[in-house]
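Worksheet: the structure to be examined is printed underneath.
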Amino acid sequence: MADPVIRAVGLSKLVISGEAPLKILDDVSFDIAAGESVAIVGASGSGKTTLLGLLAGLDRPTTGEVWLGNTALNGLSEDARAALRQRWVGFVFQSFQLLPALTALENVMLPLELAGASDAGARAREWLARVGLAARVTHYPKQLSGGEQQRVAIARAFSGDPEVLMADEPTGNLDGATGSEVAELMFRLNRERSTTLLLVTHEVTLAARCARRLSLATGRLVGDERSSLGGATAA
Amino acid sequence: MKTPDTVRLAWRLLSRDWRAGELRVLIAALVLAVASVGTVGFFTDRVKGALTRQANLLLGADLLLSGDRPLPDEFMREARLRGLAAVPAIKFNSMVQAAGGPGAAVLADVKAVTAGYPLRGAILLVDPGNAAGKVAPGVPPPGEVWIDSRLAARLVVQQGSKLAVGESTLTVGAIVQQDPEVTSGLLALGPRLMMNLDDVAATRLLQPGNRASYRLLVAGDAINAFRDWAQAHLDRGQRLESIRDLRPEVRQTLERAEQYLGLAALVAVMLAAVAIALAASRYLRRHLDAAAMMRCLGAPQRQILSLFALQFLVLGVGASIAGCALALGGQQLLIVLLGGIVSADLPPPSAWPAFAAAASGLAVLFGFALPPLFALSRVPPLRVLRRDLGLPRAGGWLAYALGAATIALLIGWQAQDATTGAIMIGGTAALLAVAGAVAWALIALLRLLPQRGYSWRYGLANLRRRPLASSLQIGALGLGLMALLLLTLVRGDLMRNWRASLPADAPNVFLINILPDQIEGMHALLERELKADVPLYPMVRGRLVAVNDVPVDSTRLTDARARRLAEREFNLSWMQELPRSNRVVAGQWWKAGETGVISLEDGIAETLGVKLGDVLTYDIVGTRVSARVANLRKVDWDSFRVNFFALYPPGMLDGLPTTYIAATRAPDNPAWLNGLLAQYPNVLAIDVGELLHQVGAIVEQVARAVEFVFLFTLAGGVLVLEAAIAATQDERLYDAAVLRTLGASRRQLTAAQLAEFLALGTLAGLVAAGGATATAYVLADRVFHIPFGWNPWLWAIGIVGGALGVAAAGWIGTRRTLRQPPLTLLRQFG
């Protein structure tokens with residue numbers, strides 16, 4: 001197997017809640033290779049989102065290590081982790097997380113501008129066209145439907161040309177049909193760009209489209225199965 | 001739940017919110033409101049206290065009879081007949097100079113007294129061994145003067161020095177620490193000198209041109225009967241003063257000052273109220289869940305209301321105490337700033353202003369916080385299951401009617417009359433509305449700016465996102481900044497422009513009280529010293545006694561100024577030619593040889609209701625002179641030349657007691673003036689520069705005091721900003737988390753936040769500079785009639801100051817959003 005893009009080594013996360021410490025993640029380890037599509041599945045409260053957050057450097061583990069490529073996140077400051085995310089990671093969230101004060105175009109431009117790109121506007125337009133929103137560039141998030149907002153979020157996630165796309169329940173706030181459309185779009189772009197995909201979901205059909213599924217239960221990694229389909233042909 | 005439990009729970013909830021920093025803005029706004037009202041309240045209370053405490057000492061008597069001519073003896077005879085104590089005194093102005101020394105002559109307030117003065121209170125003399133001073137043994141003996149420390153400092157003299165007073169040389173016998181007439185210490189202009197009445201004649205100072213006040217001090221048990229008798233025997237130009245109608249102008253000035261300072265303080269209260277409203281609605285949103293849970297657990301609405309109202313009451317009382325403490329410091333600072341105008345020897349403040357300030361604070365708190373509290377108590381318990389339920393409608397206009405009514409009541413109370421109150425409410429509301437509308441337009445214009453870089457785009461987008469809130473903040477901050485710009489830059493500009501508008505050859509020295517036998521000598525002296533042919537104008541003093549043969553009854557005049565004019569003596573003069581800087585606006589200037597006519601200044605004619613052709617009769621020391629109004633003149637008073645309200649043709653006033661007056665432009669070197677005064681000690685020299693300097697110094701001090709009060713307004717603007725930041729804290733945290741997730745560094749986040757506040761501050765500065773410039777234009781063009789000077793500094797300082805100040809305040813308010821780890825936040829809001 002090629003060098004892993006993401007590597008988790010003995011990850012644990014404790015939070016102090018009331019008197020007793022609560023273990024949200026308990027000694028989780030795995031490697032993810034470049035180009036893999038991985039679903040993190042599990043019941044509500046099993047630690048899926050926490051795990052995703054740690055992998056993206058949005059939070060720090062209590063013990064254990066996270067590697068993105070050849071860089072260990074542990075030793076990095078908040079700013080250094082942010083800079084690494086900028087180059088490596090794109091995000092899609094359940095609740096879209098667009099900035100309400102900015103237009104669709106400005107939202108997509110944001111990561112490009114943060115990275116100092118000089119052609120942010122042109123690239124953002126291009127991405128919006130690719131997700132089918134060429135006519136909606138000047139609209140504000142509140143003027144867009146849920147599906148449209150998620151498509152803006154997908155355009156934003158891909159615009160920075162990330163190595164890894166992390167998605168947290170990307171269809172969770174959408175109705176069935178819209179959810180499928182958005183999922184289809186995401187998988188298609190992922191295939192075209194050969195991005196590594198890391199998907200948190202409790203939807204079985206969505207998880208089934210991924211080549212590999214990591215199962216969490218009460219903070220422990222309880223399953224790691226690969227399907228031969230590789231998600232490529234699932235409808 | 002029993003009442004003690006409610007109290008305990010309220011206390012626990014309050015202390016938790018306190019620790020969480022949730023109440024910071026609310027408390028700060030409340031403290032500000034109480035402190036601003038309290039500062040002004042304590043200050044005026046102390047000054048009024050000084051007036052009241054010393055009231056019966058103030059006159060040095062129980063009753064004071066005064067007139068602008070010597071009082072007839074019958075007043076003193078009658079007083080003594082009734083068993084009352086009565087002593088005469090005279091007050092007038094004179095130049096005073098250290099005898100034989102090279103020092104400058106100083107215009108002093110002179111009071112000539114006789115044994116027995118004062119009938120009430122005592123004169124305190126400076127005692128090196130005792131800071132409280134020592135009681136004077138009687139009055140200055142003949143040959144001695146007692147002077148106050150200001151005069152001693154100006155003349156550089158001490159006890160034992162010789163002073164030239166008129167034609168006499170008198171010895172400084174003592175330095176006066178306090179004279180019973182403390183009111184003049186409250187609003188004193190000139191330094192003071194006290195001398196013996198018996199020495200006055202030898203000074204030859206009391207000439208007809210010198211305005212003197214002849215007084216009789218009366219005290220004793222039967223004072224009321226005597227007052228009635230004296231009232232019936234008063235002649236024109238004579239008046240009675242007692243404790244009851246004590247120094248009405250002082251009281252009036254103070255009341256007006258109290259009114260205006262109080263209203264200035266209320267602008268701060270209004271802004272604090274806006275901050276309180278914002279903070280209270282955030283408090284409401286933050287506590288909805290807790291309230292819903294308590295309802296769910298069976299708490300009745302009434303209990304929830306009392307639970308939260310109790311917290312606010314504790315909060316209000318605590319903040320009021322802090323505000324009052326701050327106000328005590330503030331009023332002391334105000335007194336220091338007004339030092340020299342306000343006597344430092346003021347009684348301690350009473351508790352009343354503290355109650356009034358605390359009541360204002362609590363009224364504002366409940367006026368603006370009660371509507372959200374009611375909403376809180378009515379939250380549906382189902383909210384525990386469905387979070388989207390029970391969200392209160394933000395900013396319901398009806399809900400804030402209570403708050404608006406509270407503010408209106410406070411303003412009505414402070415303004416004391418409906419018109420001023422209405423102007424104040426309307427004015428501030430209009431200013432806020434205009435500032436807000438301008439801000440709204442500017443925010444809309446922002447869209448047209450080329451938006452380079454995400455930080456500017458993000459910052460400006462944030463302003464546009466909440467146009468109403470942004471406009472309100474810009475309006476509030478702009479108002480505070482504008483007040484300060486007006487008081488600092490605009491005031492200086494107006495003063496400078498006015499001075500610059502004076503003609504370069506405008507006289508700077510007035511010489512009055514020149515006697516007829518001194519004309520030639522004086523004229524020659526001025527020609528020799530100043531190389532100028534300085535005209536000397538004759539001056540006769542007379543009182544208007546009849547118009548068209550109908551006696552003038554000043555008590556029937558409704559206009560206060562007209563009444564004063566009718567009671568006092570006029571300076572009358574004669575002239576053949578129409579003076580420079582005068583222009584006839586009605587009738588004809590007289591021809592040579594014309595007689596029986598008079599010329600009036602048009603403003604005074606209007607005030608007195610006198611028309612062209614009316615016959616005016618003046619009483620000039622017993623001689624009645626009648627003349628027909630031949631013309632009305634407009635006078636350019638700004639020319640600083642000698643001008644008269646009433647002029648006759650030559651010849652009509654011959655033989656009447658006359659003094660002469662001259663005005664000239666002279667170098668600042670005092671040597672020639674000292675020489676002149678040594679030769680003519682009866683002459684009074686009024687130095688216009690010195691006078692302007694004195695007035696300027698007072699204006700400066702008053703402006704600084706008002707500036708200080710308006711600092712509260714600026715603080716109110718900053719609080720509105722902080723409250724608005726706090727109200728949008730959740731949105732900001734969310735934005736920061738998203739930006740962080742997308743890879744923004746701390747520096748980039750800070751830049752985006754700063755961009756917003758820099759833009760906000762710039763807009764507030766623009767509004768302030770625009771408002772200040774417009775006000776300056778109106779003041780210059782319409783009020784003072786001087787050329788308007790456009791000051792670019794106003795814009796530079798307003799905009800840069802606004803931008804930097806608001807950026808700093810905004811950064812302080814939003815620092816916290818940069819510290820949170822993004823995941824926690826995304827979870828909270830996701």
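Chain labels follow the order of the structure tokens: the first chain is A, the next B, and so on; residue numbering restarts at 1 in every chain, and ligands are counted from 1 in their shown order.
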Could you build a table of the residues in chain B lying no more than 8 Å from chain A, giving for each the nearest pair of atoms and their separation in Å rounded to one decimal place, using only C-alpha atoms, ordered by chain and ascending residue number, as JSON lines?
{"residue": "B:Gly453", "atom": "CA", "partner": "A:Glu113", "partner_atom": "CA", "distance": 6.9}
{"residue": "B:Tyr454", "atom": "CA", "partner": "A:Glu113", "partner_atom": "CA", "distance": 6.1}
{"residue": "B:Tyr458", "atom": "CA", "partner": "A:Leu102", "partner_atom": "CA", "distance": 7.1}
{"residue": "B:Ala461", "atom": "CA", "partner": "A:Ala101", "partner_atom": "CA", "distance": 5.4}
{"residue": "B:Asn462", "atom": "CA", "partner": "A:Ala101", "partner_atom": "CA", "distance": 5.8}
{"residue": "B:Arg464", "atom": "CA", "partner": "A:Ala101", "partner_atom": "CA", "distance": 7.7}
{"residue": "B:Arg465", "atom": "CA", "partner": "A:Ala101", "partner_atom": "CA", "distance": 5.4}
{"residue": "B:Asp735", "atom": "CA", "partner": "A:Leu99", "partner_atom": "CA", "distance": 6.2}
{"residue": "B:Val738", "atom": "CA", "partner": "A:Gln97", "partner_atom": "CA", "distance": 6.6}
{"residue": "B:Arg740", "atom": "CA", "partner": "A:Ala82", "partner_atom": "CA", "distance": 6.4}
{"residue": "B:Thr741", "atom": "CA", "partner": "A:Leu58", "partner_atom": "CA", "distance": 6.8}
{"residue": "B:Leu742", "atom": "CA", "partner": "A:Pro111", "partner_atom": "CA", "distance": 5.8}
{"residue": "B:Gly743", "atom": "CA", "partner": "A:Ala82", "partner_atom": "CA", "distance": 4.1}
{"residue": "B:Ala744", "atom": "CA", "partner": "A:Ala82", "partner_atom": "CA", "distance": 6.0}
{"residue": "B:Ser745", "atom": "CA", "partner": "A:Asp79", "partner_atom": "CA", "distance": 4.9}
{"residue": "B:Arg746", "atom": "CA", "partner": "A:Asp79", "partner_atom": "CA", "distance": 6.2}
{"residue": "B:Gln748", "atom": "CA", "partner": "A:Leu114", "partner_atom": "CA", "distance": 7.6}
{"residue": "B:Pro821", "atom": "CA", "partner": "A:Asp59", "partner_atom": "CA", "distance": 6.3}
{"residue": "B:Pro822", "atom": "CA", "partner": "A:Leu58", "partner_atom": "CA", "distance": 5.7}
{"residue": "B:Leu823", "atom": "CA", "partner": "A:Leu58", "partner_atom": "CA", "distance": 5.4}
{"residue": "B:Gly830", "atom": "CA", "partner": "A:Ser95", "partner_atom": "CA", "distance": 5.7}
B:Arg624 environment, 12 Å, only C-alpha atoms, sequence neighbours closer than 3 positions dropped, as a PyMOL selection string: chain B and resi 541-546+549+616-621+627+652-653+656
To one decimal place in Å, what is the distance between atom CA of B:Thr814 and atom CA of B:Tyr734? 12.4 Å
Mind checking which residues fall within 12 Å of B:Thr728, counting only C-alpha atoms, ignoring those fewer than 6 positions away in the same chain, and posting them as a PyMOL selection string? chain B and resi 278-279+281-282+285+462-463+465-466+469-470+721-722+734-735+810+813-814+817
Could you work out how far atom CA of B:Asp5 lies from atom CA of B:Ala28, giving the answer in Å with one decimal? 28.5 Å
Please provide the set of residues having any atom within 10 Å of B:Glu529, restricted to only C-alpha atoms, with same-chain residues fewer than 3 positions apart removed, written as a ChimeraX atom specification. /B:524-526,532,666,671-673,675-676
From the list B:Val7, B:Arg580, B:Arg747, B:Phe570, the nearest residue to B:Leu307 using only C-alpha atoms is B:Val7
Quick one: distance from atom CA of B:Gly478 to atom CA of B:Thr773 in Å, one decimal?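 Distance reported for this atom pair: 12.8 Å.
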As an MDAnalysis selection string, please: every residue in stretch 121-249 of chain B that a backbone DSSP assignment puts in strand (DSSP E). chainID B and resid 124:127 130:135 144:148 162:165 168:178 192:196 213:219 238:242
Could you take the residues named above and write them with C-alpha atoms, as a compact mmCIF listing (two decimals), in the first residue's frame?
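Saved the output as part.txt:
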# COMPACT_ATOMS: atom_id res chain seq x y z
CA LEU B 124 -12.40 86.41 57.07
CA LEU B 125 -8.77 87.47 56.69
CA VAL B 126 -5.89 85.24 55.64
CA ASP B 127 -4.03 83.95 58.67
CA ASN B 130 -4.68 78.96 60.29
CA ALA B 131 -6.05 77.69 57.00
CA ALA B 132 -9.59 78.62 58.04
CA GLY B 133 -8.53 82.26 58.35
CA LYS B 134 -9.36 84.70 61.15
CA VAL B 135 -12.35 86.94 61.69
CA GLU B 144 -6.07 101.15 54.60
CA VAL B 145 -7.39 98.74 52.01
CA TRP B 146 -8.00 95.02 52.31
CA ILE B 147 -7.58 93.12 49.05
CA ASP B 148 -8.26 89.54 48.00
CA LYS B 162 1.14 100.91 49.13
CA LEU B 163 -1.55 101.05 46.45
CA ALA B 164 -2.59 103.91 44.21
CA VAL B 165 -6.39 104.06 44.26
CA SER B 168 -5.12 108.46 47.03
CA THR B 169 -2.34 106.21 48.18
CA LEU B 170 -3.58 103.56 50.60
CA THR B 171 -1.83 100.81 52.53
CA VAL B 172 -2.68 97.11 52.17
CA GLY B 173 -3.81 96.28 55.71
CA ALA B 174 -4.82 92.66 55.18
CA ILE B 175 -5.56 90.00 52.62
CA VAL B 176 -9.23 88.95 52.56
CA GLN B 177 -9.96 85.24 52.49
CA GLN B 178 -13.72 85.47 52.42
CA ARG B 192 -11.60 92.71 44.78
CA LEU B 193 -10.64 95.53 47.06
CA MET B 194 -12.34 96.75 50.24
CA MET B 195 -11.78 100.25 51.60
CA ASN B 196 -13.22 102.66 54.14
CA SER B 213 -23.93 100.93 43.16
CA TYR B 214 -24.95 102.81 46.31
CA ARG B 215 -26.16 100.45 48.99
CA LEU B 216 -27.78 100.34 52.35
CA LEU B 217 -27.51 97.15 54.40
CA VAL B 218 -30.31 96.63 56.89
CA ALA B 219 -30.83 93.93 59.51
CA GLN B 238 -33.54 101.61 43.20
CA ARG B 239 -34.21 98.08 44.25
CA LEU B 240 -34.53 95.79 47.22
CA GLU B 241 -32.70 92.51 47.56
CA SER B 242 -33.36 90.03 50.28
Residue neighbourhood stretch 27-34 of chain A, 10 Å, only C-alpha atoms, exclusion window fewer than 5 positions, as number ranges by chain: A: 1-13, 51, 63-69, 163-164, 194-198, 212, 214, 216, 219-222, 224
Print the selection's residues with C-alpha atoms to a file, as a PDB file, in the first residue's frame.
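Output below, filename selection05.pdb:
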ATOM      1  CA  MET A   1       0.000   0.000   0.000  1.00  0.00           C
ATOM      2  CA  ALA A   2       1.169   3.500  -0.804  1.00  0.00           C
ATOM      3  CA  ASP A   3       2.067   5.935   1.982  1.00  0.00           C
ATOM      4  CA  PRO A   4      -1.053   6.749   3.958  1.00  0.00           C
ATOM      5  CA  VAL A   5      -2.655  10.190   3.486  1.00  0.00           C
ATOM      6  CA  ILE A   6      -4.217  10.043   6.910  1.00  0.00           C
ATOM      7  CA  ARG A   7      -2.888   8.093   9.854  1.00  0.00           C
ATOM      8  CA  ALA A   8      -4.486   7.807  13.281  1.00  0.00           C
ATOM      9  CA  VAL A   9      -2.385   6.273  16.059  1.00  0.00           C
ATOM     10  CA  GLY A  10      -3.969   5.399  19.408  1.00  0.00           C
ATOM     11  CA  LEU A  11      -6.403   8.326  19.388  1.00  0.00           C
ATOM     12  CA  SER A  12      -8.308   8.997  22.591  1.00  0.00           C
ATOM     13  CA  LYS A  13     -10.457  11.918  23.606  1.00  0.00           C
ATOM     14  CA  LEU A  51     -12.979  11.491  15.183  1.00  0.00           C
ATOM     15  CA  THR A  63      -3.640  11.058  23.705  1.00  0.00           C
ATOM     16  CA  GLY A  64      -2.505   9.622  20.378  1.00  0.00           C
ATOM     17  CA  GLU A  65      -1.350  11.102  17.101  1.00  0.00           C
ATOM     18  CA  VAL A  66      -2.826  12.238  13.796  1.00  0.00           C
ATOM     19  CA  TRP A  67      -0.700  12.450  10.640  1.00  0.00           C
ATOM     20  CA  LEU A  68      -1.780  14.265   7.486  1.00  0.00           C
ATOM     21  CA  GLY A  69       0.695  13.116   4.832  1.00  0.00           C
ATOM     22  CA  GLU A 163      -6.036  16.037  -1.057  1.00  0.00           C
ATOM     23  CA  VAL A 164      -8.789  14.937   1.291  1.00  0.00           C
ATOM     24  CA  SER A 194      -9.136  11.347  -7.308  1.00  0.00           C
ATOM     25  CA  THR A 195      -9.530  12.927  -3.911  1.00  0.00           C
ATOM     26  CA  THR A 196      -9.402  10.848  -0.769  1.00  0.00           C
ATOM     27  CA  LEU A 197     -12.904  10.839   0.705  1.00  0.00           C
ATOM     28  CA  LEU A 198     -13.693  10.582   4.375  1.00  0.00           C
ATOM     29  CA  ARG A 212     -14.193   1.031   3.071  1.00  0.00           C
ATOM     30  CA  LEU A 214     -14.836   2.067   9.728  1.00  0.00           C
ATOM     31  CA  LEU A 216     -17.368   2.985  15.796  1.00  0.00           C
ATOM     32  CA  GLY A 219     -15.675   5.438  21.058  1.00  0.00           C
ATOM     33  CA  ARG A 220     -13.920   2.235  19.985  1.00  0.00           C
ATOM     34  CA  LEU A 221     -13.146   1.081  16.464  1.00  0.00           C
ATOM     35  CA  VAL A 222     -15.130  -2.139  16.167  1.00  0.00           C
ATOM     36  CA  ASP A 224     -12.950  -2.107   9.310  1.00  0.00           C
TER      37      ASP A 224
END
Nearest to B:Leu431, chosen from B:Leu763, B:Leu334, B:Val547, B:Ala768, with only C-alpha atoms counted in the distances: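 Closest to B:Leu431 of all the choices is B:Ala768.
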Tell me which protein, DNA and RNA residues are within 12 Å of A:Val137, counting only C-alpha atoms, leaving out same-chain ones fewer than 3 positions away, and put them as an NGL selection string. :A and (102-109 or 121-122 or 124-129 or 131-134 or 140-141 or 143-144 or 148-149 or 151-152 or 155)
